Amino acid sequence: MSAAIKRACDACHRRKVKCDGINPCRNCSTAQLSCTYNAIPQKKGPKGSRAKVISELRETQRQTSLAARVQNRVAGLTAGPSQNPTTAGPSPGMVTGELVKECLEFFFAHMYSTMPILVRQKVEQQAMFMEQNRDVYCLVTALCAFVMLQPGMTMPPSDPYNLDMMPGSNLIASTLLLEEAMRVRNGYEYLDSPTLNSIATSYLLFACYYGVESHNKAWFYLREASTMMHMLDMHKE
DNA sequence: TTATTCGGAAATTAAAAACA
DNA sequence: GTTTTTAATTTCCGAATAAT
């Protein structure tokens, strides 16, 4: 590139063409434009703290170490004598009764008004036996994953994933729960006979993925929920 | 063929951080 | 204090497109 001139005129700047810097400049003359230099240049250079990169690196490393701790913790939870981590059944210790209780409490206190997709009494009843019913287990796990994403939701006092209330621990807990829900859900044919629970689960998966900005997955599960509603003739009066 | 538009690479600049 | 690093802005190259 030839040496850039100190300042391009307004028209050349707009047209993204080389300006000779005089008034009127050659481009403006040939285009019969009035050649002005009215634009006020912006201040160049970084604004505010420029420690953005180092902050990002710190955050990435923190998340990585946190995730590693969670992996270890989960490996410990799932490494029972009769437990194979690759099975499609619920992982013991992953979705604790206390976690479910807290998440249901939060959901019905703060979110039910804008998302009335569940009946409290029914869910609480079903949740007691969720280990025996994958449909319910997935619903409850997805619900917990969704609730853990919400601002204001705190980790239960027992801290089931041993995250020490560190910043970002909610997001990691949510991710783990989402993975758990997906793993169990992929282990059985929930589409064979969709239920209200599986529709709500799809909707909660949509909400979870939307919350973590995985928009393609989010829309997929929203669409899935909508399709299952059709399968159950819920679009009819 | 010539003129125009515009995505984006390269250059420029200045603030913040690092260093002596 | 000076130097280095980083990030924001500006210039304008050159490919794509439109006009003649």
# chains A, B, ... in the order shown; residues from 1 in each chain; ligands from 1
>>> interface_residues(of="chain C", to="chain A", cutoff="7 Å", atoms="only C-alpha atoms (C1' of nucleotides)", output="list in words")
DT6, DA7, DA8, DT9, DT11 and DC12 of chain C
>>> residues_around(residues="DA16 (chain C)", least_positions_apart="3", cutoff="12 Å", atoms="only C-alpha atoms (C1' of nucleotides)", output="VMD selection string")
chain B and resid 4 to 7
>>> select_by_dssp(residues="region 3-236 of chain A", states="helix (DSSP H, G or I)", output="VMD selection string")
chain A and resid 10 to 15 26 to 31 52 to 78 97 to 111 120 to 127 130 to 132 134 to 148 169 to 185 196 to 211 215 to 231
>>> interface_residues(of="chain B", to="chain A", cutoff="7 Å", atoms="only C-alpha atoms (C1' of nucleotides)", output="list of chain:residue names")
B:DT13, B:DA14, B:DA15, B:DA16
>>> write_last_selection(atoms="N, CA and C atoms (P, O5', C5', C4', C3', O3' and C1' of nucleotides)", output="PDB file, in the first residue's frame")
ATOM      1  P    DT B  13      -0.643   8.535  12.442  1.00  0.00           P
ATOM      2  O5'  DT B  13      -1.308   8.265  13.855  1.00  0.00           O
ATOM      3  C5'  DT B  13      -2.733   8.327  13.963  1.00  0.00           C
ATOM      4  C4'  DT B  13      -3.156   7.781  15.297  1.00  0.00           C
ATOM      5  C3'  DT B  13      -2.387   8.346  16.491  1.00  0.00           C
ATOM      6  O3'  DT B  13      -3.292   9.186  17.191  1.00  0.00           O
ATOM      7  C1'  DT B  13      -2.775   5.992  16.669  1.00  0.00           C
ATOM      8  P    DA B  14      -2.798  10.140  18.316  1.00  0.00           P
ATOM      9  O5'  DA B  14      -3.241   9.325  19.619  1.00  0.00           O
ATOM     10  C5'  DA B  14      -4.605   8.939  19.756  1.00  0.00           C
ATOM     11  C4'  DA B  14      -4.730   7.972  20.905  1.00  0.00           C
ATOM     12  C3'  DA B  14      -4.057   8.438  22.198  1.00  0.00           C
ATOM     13  O3'  DA B  14      -4.872   8.020  23.266  1.00  0.00           O
ATOM     14  C1'  DA B  14      -3.198   6.364  21.595  1.00  0.00           C
ATOM     15  P    DA B  15      -4.929   8.855  24.593  1.00  0.00           P
ATOM     16  O5'  DA B  15      -5.340   7.707  25.618  1.00  0.00           O
ATOM     17  C5'  DA B  15      -6.428   6.850  25.288  1.00  0.00           C
ATOM     18  C4'  DA B  15      -6.183   5.492  25.903  1.00  0.00           C
ATOM     19  C3'  DA B  15      -5.731   5.533  27.365  1.00  0.00           C
ATOM     20  O3'  DA B  15      -6.520   4.630  28.095  1.00  0.00           O
ATOM     21  C1'  DA B  15      -4.200   4.265  26.052  1.00  0.00           C
ATOM     22  P    DA B  16      -6.330   4.474  29.655  1.00  0.00           P
ATOM     23  O5'  DA B  16      -5.503   3.111  29.756  1.00  0.00           O
ATOM     24  C5'  DA B  16      -6.035   1.958  29.134  1.00  0.00           C
ATOM     25  C4'  DA B  16      -5.087   0.804  29.336  1.00  0.00           C
ATOM     26  C3'  DA B  16      -4.603   0.611  30.770  1.00  0.00           C
ATOM     27  O3'  DA B  16      -4.725  -0.761  31.067  1.00  0.00           O
ATOM     28  C1'  DA B  16      -2.751   0.814  29.302  1.00  0.00           C
TER      29       DA B  16
END
>>> atom_distance(atom1="CA of Arg134 (chain A)", atom2="CA of Thr195 (chain A)")
11.8 Å
>>> residues_around(residues="region 120-130 of chain A", least_positions_apart="5", cutoff="8 Å", atoms="only C-alpha atoms (C1' of nucleotides)", output="ChimeraX atom specification")
/A:100,104,108,136-137,140
>>> write_last_selection(atoms="N, CA and C atoms", output="CSV table (one decimal), in the first residue's frame")
chain,number,residue,atom,x,y,z
A,100,VAL,N,-33.6,-31.0,43.6
A,100,VAL,CA,-35.0,-31.0,43.0
A,100,VAL,C,-35.9,-30.1,43.8
A,104,LEU,N,-37.6,-26.8,42.2
A,104,LEU,CA,-39.0,-26.7,42.1
A,104,LEU,C,-39.5,-25.5,42.8
A,108,PHE,N,-41.5,-22.5,40.8
A,108,PHE,CA,-42.9,-22.1,41.1
A,108,PHE,C,-43.0,-20.8,41.8
A,136,VAL,N,-40.0,-39.0,33.6
A,136,VAL,CA,-40.0,-38.0,34.7
A,136,VAL,C,-38.6,-37.5,35.1
A,137,TYR,N,-37.7,-38.5,35.1
A,137,TYR,CA,-36.3,-38.1,35.4
A,137,TYR,C,-35.8,-37.1,34.5
A,140,VAL,N,-37.4,-33.7,35.2
A,140,VAL,CA,-36.9,-33.0,36.4
A,140,VAL,C,-35.5,-32.5,36.2
>>> residues_around(residues="region 2-5 of chain C", least_positions_apart="3", cutoff="8 Å", atoms="only C-alpha atoms (C1' of nucleotides)", output="compact mmCIF listing (two decimals) with N, CA, C and O atoms (P, O5', C5', C4', C3', O3' and C1' of nucleotides), in the first residue's frame")
# COMPACT_ATOMS: atom_id res chain seq x y z
P DA B 17 -4.25 -1.36 32.45
O5' DA B 17 -2.84 -2.00 32.10
C5' DA B 17 -2.79 -2.97 31.05
C4' DA B 17 -1.36 -3.42 30.86
C3' DA B 17 -0.63 -3.86 32.12
O3' DA B 17 -0.02 -5.10 31.83
C1' DA B 17 0.64 -2.23 30.97
P DA B 18 0.84 -5.89 32.93
O5' DA B 18 2.34 -5.57 32.47
C5' DA B 18 2.71 -5.84 31.12
C4' DA B 18 4.16 -5.42 30.93
C3' DA B 18 5.10 -5.84 32.05
O3' DA B 18 6.23 -6.46 31.47
C1' DA B 18 5.30 -3.52 31.62
P DC B 19 7.36 -7.14 32.37
O5' DC B 19 8.54 -6.07 32.33
C5' DC B 19 8.93 -5.51 31.07
C4' DC B 19 9.75 -4.28 31.31
C3' DC B 19 10.85 -4.43 32.37
O3' DC B 19 12.10 -4.23 31.76
C1' DC B 19 9.72 -2.36 32.56
>>> atom_distance(atom1="CA of Ser174 (chain A)", atom2="CA of Leu191 (chain A)")
24.3 Å
>>> atom_distance(atom1="C1' of DT12 (chain B)", atom2="CA of Cys28 (chain A)")
24.1 Å
>>> residues_around(residues="DT20 (chain C)", least_positions_apart="3", cutoff="12 Å", atoms="only C-alpha atoms (C1' of nucleotides)", output="count of residues only")
3
>>> residues_around(residues="Val95 (chain A)", least_positions_apart="2", cutoff="10 Å", atoms="only C-alpha atoms (C1' of nucleotides)", output="ChimeraX atom specification")
/A:90-93,97-100,130-131,137,140-141,144-145,160-161,177,180-181
>>> write_last_selection(atoms="C-alpha atoms", output="tab-separated table (two decimals), in the first residue's frame")
chain	number	residue	atom	x	y	z
A	90	PRO	CA	-29.93	-42.06	35.90
A	91	SER	CA	-26.55	-41.35	37.54
A	92	PRO	CA	-26.88	-41.82	41.30
A	93	GLY	CA	-26.14	-38.64	43.21
A	97	GLY	CA	-33.74	-34.78	46.29
A	98	GLU	CA	-32.60	-31.53	47.82
A	99	LEU	CA	-31.59	-30.08	44.47
A	100	VAL	CA	-34.97	-31.01	42.99
A	130	MET	CA	-38.20	-40.21	39.22
A	131	GLU	CA	-35.46	-42.85	39.44
A	137	TYR	CA	-36.29	-38.14	35.42
A	140	VAL	CA	-36.92	-33.02	36.44
A	141	THR	CA	-33.29	-32.97	35.36
A	144	CYS	CA	-33.09	-28.29	37.34
A	145	ALA	CA	-30.69	-27.47	34.50
A	160	PRO	CA	-23.94	-31.73	45.25
A	161	TYR	CA	-21.16	-31.11	42.73
A	177	LEU	CA	-27.60	-31.55	34.46
A	180	GLU	CA	-27.41	-35.89	32.16
A	181	ALA	CA	-30.90	-35.19	30.86
>>> closest_residue(among="A:Ser226, A:Thr154, A:Asn38, A:Thr114", to="Leu171 (chain A)", atoms="only C-alpha atoms")
A:Thr154
